[in-house]
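Colleague: Hey, dropping protein.txt in here, compact mmCIF, C-alpha atoms:
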# COMPACT_ATOMS: atom_id res chain seq x y z
CA MET A 263 1.54 28.78 -10.44
CA ALA A 264 0.27 26.50 -7.70
CA ILE A 265 0.13 22.75 -7.92
CA GLU A 266 -1.29 20.75 -5.06
CA VAL A 267 0.70 17.65 -4.16
CA ARG A 268 -0.84 14.98 -1.95
CA ILE A 269 1.83 13.35 0.24
CA PRO A 270 1.61 9.76 1.53
CA THR A 271 2.02 8.99 5.23
CA ILE A 272 5.61 7.79 4.99
CA LEU A 273 6.81 10.98 3.33
CA ARG A 274 5.12 13.34 5.77
CA THR A 275 8.29 13.41 7.87
CA TYR A 276 9.64 15.70 5.14
CA THR A 277 6.61 17.97 5.13
CA GLY A 278 6.22 18.52 8.85
CA GLY A 279 3.30 16.12 8.91
CA GLU A 280 1.36 17.91 6.19
CA LYS A 281 -0.63 15.59 3.94
CA ALA A 282 -0.72 18.10 1.10
CA VAL A 283 1.75 20.76 0.05
CA SER A 284 1.90 23.29 -2.73
CA GLY A 285 4.57 23.36 -5.40
CA ASP A 286 5.55 24.84 -8.69
CA GLY A 287 7.06 23.61 -11.91
CA ALA A 288 6.45 23.28 -15.61
CA THR A 289 7.43 19.62 -15.53
CA LEU A 290 7.37 16.94 -12.87
CA THR A 291 11.17 17.20 -12.57
CA GLU A 292 10.88 20.92 -11.84
CA LEU A 293 8.08 20.34 -9.37
CA ILE A 294 10.14 17.77 -7.48
CA ASP A 295 13.13 20.14 -7.36
CA ASN A 296 10.79 22.84 -6.10
CA LEU A 297 9.43 20.51 -3.39
CA GLU A 298 13.00 19.60 -2.43
CA SER A 299 13.86 23.24 -1.77
CA ALA A 300 10.98 23.51 0.70
CA HIS A 301 11.17 19.95 2.05
CA PRO A 302 14.78 18.75 1.90
CA GLY A 303 15.26 15.06 1.49
CA ILE A 304 12.00 14.37 -0.30
CA LYS A 305 13.52 14.27 -3.77
CA ASP A 306 15.72 11.30 -2.96
CA ARG A 307 12.62 9.32 -1.93
CA LEU A 308 11.02 9.96 -5.29
CA VAL A 309 13.82 9.93 -7.80
CA GLU A 310 16.83 7.73 -8.42
CA GLY A 311 19.33 9.15 -10.87
CA ASP A 312 17.11 10.76 -13.46
CA GLU A 313 14.16 8.41 -13.14
CA LEU A 314 11.18 8.05 -10.89
CA ARG A 315 11.85 5.32 -8.34
CA ARG A 316 10.40 1.96 -9.31
CA PHE A 317 8.02 1.57 -6.38
CA VAL A 318 6.82 5.16 -6.16
CA ASN A 319 3.68 6.06 -8.08
CA VAL A 320 3.03 9.66 -9.08
CA TYR A 321 -0.24 10.73 -10.65
CA VAL A 322 -1.11 14.01 -12.34
CA ASN A 323 -4.85 14.60 -12.50
CA ASP A 324 -5.41 10.89 -11.79
CA GLU A 325 -3.08 9.63 -14.52
CA ASP A 326 0.00 7.59 -13.65
CA VAL A 327 2.90 9.68 -14.98
CA ARG A 328 4.52 6.52 -16.33
CA PHE A 329 1.93 6.85 -19.10
CA THR A 330 2.32 10.60 -19.60
CA GLY A 331 6.06 11.06 -19.97
CA GLY A 332 7.47 10.20 -16.56
CA LEU A 333 9.52 12.96 -15.00
CA GLY A 334 9.08 14.99 -18.20
CA THR A 335 5.31 15.16 -17.71
CA THR A 336 4.23 18.75 -18.24
CA LEU A 337 2.24 20.51 -15.54
CA SER A 338 -0.19 23.42 -15.46
CA ASP A 339 -1.47 25.70 -12.78
CA GLY A 340 -4.16 23.97 -10.77
CA ASP A 341 -3.01 20.44 -11.56
CA GLN A 342 -3.41 17.88 -8.79
CA VAL A 343 -0.50 15.58 -8.11
CA VAL A 344 -0.72 12.51 -5.88
CA VAL A 345 2.23 10.47 -4.63
CA LEU A 346 1.53 6.91 -3.48
CA PRO A 347 4.11 4.27 -2.63
CA ALA A 348 3.50 1.04 -4.52
CA VAL A 349 1.85 -1.71 -2.55
CA ALA A 350 4.06 -4.65 -3.45
CA GLY A 351 6.26 -7.39 -2.16
CA GLY A 352 7.73 -10.75 -2.95
CA ALA A 353 8.39 -14.13 -1.45
CA PRO A 354 11.97 -15.08 -0.77
CA ALA A 355 13.68 -16.17 -3.97
CA MET B 200 -2.71 -7.56 18.24
CA LEU B 201 -4.90 -7.86 15.17
CA VAL B 202 -8.61 -8.21 15.92
CA ILE B 203 -10.48 -9.37 12.85
CA ASP B 204 -13.93 -10.82 12.36
CA ARG B 205 -14.53 -14.33 11.09
CA ALA B 206 -16.17 -13.25 7.84
CA THR B 207 -13.22 -11.05 6.86
CA TYR B 208 -10.71 -13.72 7.90
CA ASP B 209 -12.53 -16.32 5.81
CA ALA B 210 -12.72 -13.96 2.83
CA ILE B 211 -8.96 -13.33 2.92
CA VAL B 212 -8.22 -17.05 3.16
CA ALA B 213 -10.64 -17.80 0.31
CA HIS B 214 -8.94 -15.17 -1.83
CA ALA B 215 -5.51 -16.67 -1.17
CA LYS B 216 -6.75 -20.18 -2.02
CA ARG B 217 -8.50 -18.94 -5.16
CA ASP B 218 -5.42 -17.18 -6.55
CA HIS B 219 -2.93 -19.92 -5.67
CA PRO B 220 -0.36 -20.50 -7.13
CA ASP B 221 -0.13 -16.77 -7.73
CA GLU B 222 0.23 -14.50 -4.73
CA ALA B 223 -3.06 -12.91 -3.68
CA CYS B 224 -3.14 -9.40 -2.29
CA GLY B 225 -5.53 -6.85 -0.91
CA ILE B 226 -6.44 -4.68 2.03
CA VAL B 227 -9.08 -4.35 4.68
CA ALA B 228 -10.08 -0.71 5.17
CA GLY B 229 -11.49 0.80 8.32
CA PRO B 230 -12.29 4.24 9.70
CA GLU B 231 -9.17 6.36 10.19
CA GLY B 232 -7.62 5.81 13.58
CA SER B 233 -10.09 3.06 14.53
CA ASP B 234 -7.92 -0.02 14.03
CA ARG B 235 -11.10 -1.78 12.88
CA PRO B 236 -10.68 -3.86 9.74
CA GLN B 237 -14.20 -3.53 8.37
CA ARG B 238 -14.20 -3.41 4.60
CA HIS B 239 -12.37 -6.13 2.68
CA VAL B 240 -11.00 -5.05 -0.69
CA PRO B 241 -9.33 -7.89 -2.59
CA MET B 242 -7.05 -6.48 -5.27
CA VAL B 243 -5.73 -7.88 -8.52
CA ASN B 244 -2.08 -8.89 -8.38
CA ALA B 245 -0.87 -6.98 -11.42
CA ALA B 246 2.35 -8.98 -11.34
CA GLY B 247 0.35 -12.24 -11.64
CA SER B 248 3.28 -14.09 -10.13
CA PRO B 249 3.80 -16.90 -7.64
CA THR B 250 6.62 -14.94 -6.04
CA PHE B 251 5.70 -11.26 -6.36
CA TYR B 252 2.68 -9.06 -5.90
CA GLU B 253 1.93 -5.51 -6.84
CA PHE B 254 -1.30 -3.53 -6.92
CA ASP B 255 -1.95 -2.05 -10.36
CA SER B 256 -1.04 1.64 -10.06
CA THR B 257 -4.34 2.94 -11.43
CA GLU B 258 -6.36 0.63 -9.17
CA LEU B 259 -4.18 1.73 -6.26
CA LEU B 260 -5.10 5.37 -6.83
CA ALA B 261 -8.80 4.54 -7.14
CA LEU B 262 -8.59 2.59 -3.87
CA TYR B 263 -6.91 5.42 -1.98
CA LYS B 264 -9.26 8.06 -3.36
CA GLU B 265 -12.18 5.91 -2.21
CA MET B 266 -10.66 5.56 1.27
CA TRP B 267 -9.95 9.30 1.47
CA ALA B 268 -13.57 10.04 0.54
CA ASN B 269 -14.74 7.61 3.24
CA ASP B 270 -12.28 8.84 5.89
CA GLU B 271 -10.80 5.37 5.88
CA GLU B 272 -7.29 4.02 5.97
CA PRO B 273 -5.80 0.60 5.22
CA VAL B 274 -6.01 -1.27 8.54
CA VAL B 275 -4.79 -4.56 7.08
CA VAL B 276 -2.55 -5.02 4.05
CA TYR B 277 -2.39 -8.70 3.15
CA HIS B 278 -0.78 -10.97 0.63
CA SER B 279 -0.09 -14.64 0.31
CA HIS B 280 3.02 -16.72 -0.09
CA THR B 281 2.39 -19.83 -2.13
CA ALA B 282 5.49 -21.92 -1.49
CA THR B 283 7.09 -20.38 1.56
CA GLU B 284 6.14 -19.57 5.13
CA ALA B 285 3.79 -16.78 6.13
CA TYR B 286 6.62 -14.48 7.16
CA PRO B 287 7.55 -11.16 5.51
CA SER B 288 10.42 -11.47 3.05
CA ARG B 289 13.18 -8.85 2.76
CA THR B 290 11.29 -7.41 -0.19
CA ASP B 291 8.04 -7.32 1.79
CA ILE B 292 9.81 -5.47 4.58
CA GLY B 293 11.59 -3.07 2.26
CA LEU B 294 8.39 -2.12 0.44
CA ALA B 295 6.05 -1.88 3.43
CA SER B 296 4.87 1.70 3.25
CA GLU B 297 1.92 1.92 5.64
CA PRO B 298 3.44 2.09 9.12
CA GLY B 299 0.01 2.06 10.76
CA ALA B 300 -1.22 -1.10 9.07
CA HIS B 301 -1.26 -4.72 10.17
CA TYR B 302 0.63 -6.69 7.56
CA VAL B 303 -1.04 -10.08 7.17
CA LEU B 304 0.73 -12.95 5.47
CA VAL B 305 -1.18 -16.05 4.43
CA SER B 306 0.66 -19.13 3.23
CA THR B 307 -1.09 -21.57 0.92
CA ARG B 308 1.97 -23.77 0.55
CA GLU B 309 0.38 -26.77 2.23
CA HIS B 310 -2.99 -27.14 0.51
CA GLY B 311 -2.91 -24.76 -2.45
CA ASN B 312 -6.39 -24.29 -3.89
CA ASN B 313 -7.85 -27.12 -1.85
CA ASP B 314 -9.56 -27.31 1.52
CA GLY B 315 -7.31 -27.40 4.48
CA PRO B 316 -5.76 -24.97 6.92
CA VAL B 317 -3.49 -22.11 5.89
CA GLU B 318 -0.91 -20.21 7.85
CA PHE B 319 -2.35 -16.78 8.75
CA ARG B 320 0.00 -14.47 10.63
CA SER B 321 0.11 -10.74 11.25
CA TYR B 322 2.95 -8.28 11.68
CA ARG B 323 3.71 -4.65 12.26
CA ILE B 324 6.42 -3.42 9.90
CA ILE B 325 7.77 -0.04 10.90
CA ASP B 326 11.04 1.43 9.58
CA GLY B 327 12.25 -2.00 8.57
CA ASP B 328 11.49 -3.59 11.93
CA VAL B 329 9.14 -6.58 11.91
CA THR B 330 7.15 -7.47 14.99
CA GLU B 331 4.79 -10.42 14.89
CA GLU B 332 1.50 -9.96 16.70
CA GLU B 333 -1.31 -12.16 17.87
CA VAL B 334 -4.33 -12.61 15.62
CA SER B 335 -7.70 -12.71 17.34
CA VAL B 336 -10.55 -13.90 15.16
CA VAL B 337 -13.90 -12.84 16.61
CA ASP B 338 -17.50 -13.38 15.52
CA THR B 339 -18.08 -9.66 15.15
CA LEU B 340 -15.86 -6.69 15.90
CA PRO B 341 -16.59 -5.14 19.28
CA ALA B 342 -19.14 -2.34 19.27
CA THR B 343 -17.63 1.12 18.89
CA THR B 344 -17.93 3.36 21.89
CA GLY B 345 -17.86 6.64 19.95
If you convert what's in this file into structure tokens, what do you get?
Modeller:
Amino acid sequence: MAIEVRIPTILRTYTGGEKAVSGDGATLTELIDNLESAHPGIKDRLVEGDELRRFVNVYVNDEDVRFTGGLGTTLSDGDQVVVLPAVAGGAPA
Amino acid sequence: MLVIDRATYDAIVAHAKRDHPDEACGIVAGPEGSDRPQRHVPMVNAAGSPTFYEFDSTELLALYKEMWANDEEPVVVYHSHTATEAYPSRTDIGLASEPGAHYVLVSTREHGNNDGPVEFRSYRIIDGDVTEEEVSVVDTLPATTG
């Protein structure tokens, strides 16, 4: 099974500069663990505890996974996954 | 240094004034590697807050897919502060995720929605380090040599 994962600029230090890598997994959790085995350190940038980090967006076939079951989102061969850091910020409290 | 043309500068300022007292946010896209802020894309602040901004996640994906199709990147990422100075907050710094971009802060604290000058400052934010840079507003961006 091959799932293409598009990697944002700030995470390319984990992928040797590659902007897209291939991974495997029946769920997003499995895919992230699979990516971690090939690109150590990347999982911690995506996941905190057992949840997707608040300011990291992950999309499967253009849908934000927060609407499709989060880390439990199921994946199929040929799915396209995109990771984008949130664009956000706040004024001092 | 940030080199930006007058029309784009004015559009960013107008956006900040329009959205005050909520923070305004958006980007200016340009050809990859060019450092030319050419295409202004004001975004909706999904947080709709006077102290926080966030691009809606679905709109964010649409924006990036459009830039990828155009071989563009975000040259400027801007937002406004509505009651504080035009300087990146700790949150702004912590969440800055485009190391190649010029981070522009506009402050509308003085005049709000009304006429009058704003603070418009630009920064590079790389690995948590903030460096302010000069802003040069020009009539038109210099001609490309390539």
Colleague: Pick the closest to chain B from A:Thr330, A:Asn319, A:Gln342, A:Thr275: which is it, counting only C-alpha atoms?
Modeller: A:Asn319
Colleague: Kindly give the distance, in Å, that separates CA of Thr281 in chain B and CA of Thr339 in chain B, rounded to a single decimal.
Modeller: 28.7 Å
Colleague: Mind running chain A against chain B at 8 Å and telling me each contacting residue's nearest atom pair with the distance in Å (one decimal), counting all atoms listed in the file, chain and number ascending, as a Markdown table?
Modeller:
| residue | atom | partner | partner_atom | distance |
| --- | --- | --- | --- | --- |
| A:Thr271 | CA | B:Glu297 | CA | 7.1 |
| A:Ile272 | CA | B:Ser296 | CA | 6.4 |
| A:Phe317 | CA | B:Leu294 | CA | 7.8 |
| A:Asn319 | CA | B:Ser256 | CA | 6.8 |
| A:Asp324 | CA | B:Leu260 | CA | 7.4 |
| A:Glu325 | CA | B:Thr257 | CA | 7.5 |
| A:Asp326 | CA | B:Thr257 | CA | 6.7 |
| A:Leu346 | CA | B:Leu260 | CA | 7.6 |
| A:Pro347 | CA | B:Ser296 | CA | 6.5 |
| A:Ala348 | CA | B:Phe254 | CA | 7.0 |
| A:Val349 | CA | B:Phe254 | CA | 5.7 |
| A:Ala350 | CA | B:Glu253 | CA | 4.1 |
| A:Gly351 | CA | B:Asp291 | CA | 4.3 |
| A:Gly352 | CA | B:Phe251 | CA | 4.0 |
| A:Ala353 | CA | B:Thr250 | CA | 5.0 |
| A:Pro354 | CA | B:Ser288 | CA | 5.5 |
| A:Ala355 | CA | B:Thr250 | CA | 7.5 |
Colleague: One decimal, in Å: what's the spacing between CA of Thr336 in chain A and CA of Glu265 in chain B?
Modeller: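 Rounded to one decimal, the two atoms are 26.3 Å apart.
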Colleague: Provide the CA of Pro341 in chain B to CA of Ser306 in chain B distance in Å, to one decimal place.
Modeller: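 Between CA of Pro341 in chain B and CA of Ser306 in chain B the gap works out to 27.4 Å.
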Colleague: Excluding same-chain residues fewer than 6 positions from Asp270 in chain B, what lies within 10 Å of it counting only C-alpha atoms, as a PDB file with C-alpha atoms, keeping the file's coordinate frame?
Modeller:
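File written: out-v5.pdb
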ATOM      1  CA  ALA B 228     -10.080  -0.710   5.170  1.00  0.00           C
ATOM      2  CA  GLY B 229     -11.490   0.800   8.320  1.00  0.00           C
ATOM      3  CA  PRO B 230     -12.290   4.240   9.700  1.00  0.00           C
ATOM      4  CA  GLU B 231      -9.170   6.360  10.190  1.00  0.00           C
ATOM      5  CA  GLY B 232      -7.620   5.810  13.580  1.00  0.00           C
ATOM      6  CA  LYS B 264      -9.260   8.060  -3.360  1.00  0.00           C
TER       7      LYS B 264
END
Colleague: Around (12.9, 17.1, -10.5) in the file's own coordinates, what residues are found within 12 Å if you use only C-alpha atoms, given back as a compact mmCIF listing (two decimals) with C-alpha atoms, keeping the file's coordinate frame?
Modeller:
# COMPACT_ATOMS: atom_id res chain seq x y z
CA GLY A 285 4.57 23.36 -5.40
CA ASP A 286 5.55 24.84 -8.69
CA GLY A 287 7.06 23.61 -11.91
CA ALA A 288 6.45 23.28 -15.61
CA THR A 289 7.43 19.62 -15.53
CA LEU A 290 7.37 16.94 -12.87
CA THR A 291 11.17 17.20 -12.57
CA GLU A 292 10.88 20.92 -11.84
CA LEU A 293 8.08 20.34 -9.37
CA ILE A 294 10.14 17.77 -7.48
CA ASP A 295 13.13 20.14 -7.36
CA ASN A 296 10.79 22.84 -6.10
CA LEU A 297 9.43 20.51 -3.39
CA GLU A 298 13.00 19.60 -2.43
CA SER A 299 13.86 23.24 -1.77
CA ILE A 304 12.00 14.37 -0.30
CA LYS A 305 13.52 14.27 -3.77
CA ASP A 306 15.72 11.30 -2.96
CA ARG A 307 12.62 9.32 -1.93
CA LEU A 308 11.02 9.96 -5.29
CA VAL A 309 13.82 9.93 -7.80
CA GLU A 310 16.83 7.73 -8.42
CA GLY A 311 19.33 9.15 -10.87
CA ASP A 312 17.11 10.76 -13.46
CA GLU A 313 14.16 8.41 -13.14
CA LEU A 314 11.18 8.05 -10.89
CA GLY A 332 7.47 10.20 -16.56
CA LEU A 333 9.52 12.96 -15.00
CA GLY A 334 9.08 14.99 -18.20
CA THR A 335 5.31 15.16 -17.71
CA THR A 336 4.23 18.75 -18.24
Colleague: Output, as JSON, the centre and edge lengths in Å (one decimal) of the axis-aligned box that contains all listed atoms of range 266-283 of chain B with 8 Å of margin on each side.
Modeller:
{"center_x": -3.8, "center_y": -5.9, "center_z": 3.2, "size_x": 37.8, "size_y": 48.0, "size_z": 26.7}
Colleague: Can you list, as JSON, numbers by chain, every protein, DNA or RNA residue that comes within 6 Å of His301 in chain B when you count all atoms listed in the file, leaving out same-chain residues fewer than 3 positions away?
Modeller: {"B": [275, 322, 323]}
Colleague: Extract, using all atoms listed in the file, all DNA, RNA and protein residues at most 9 Å from Val267 in chain A, discarding same-chain residues fewer than 5 positions from it, and format them as a list in words.
Modeller: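 So the residues in contact are Lys281, Ala282, Val283, Ser284, Gly285, Asp341, Gln342, Val343, Val344 and Val345 of chain A.
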Colleague: What lies within 12 Å of Gly315 in chain B using only C-alpha atoms, ignoring chain neighbours under 4 positions off, as a PyMOL selection string?
Modeller: chain B and resi 212-213+216+306-311
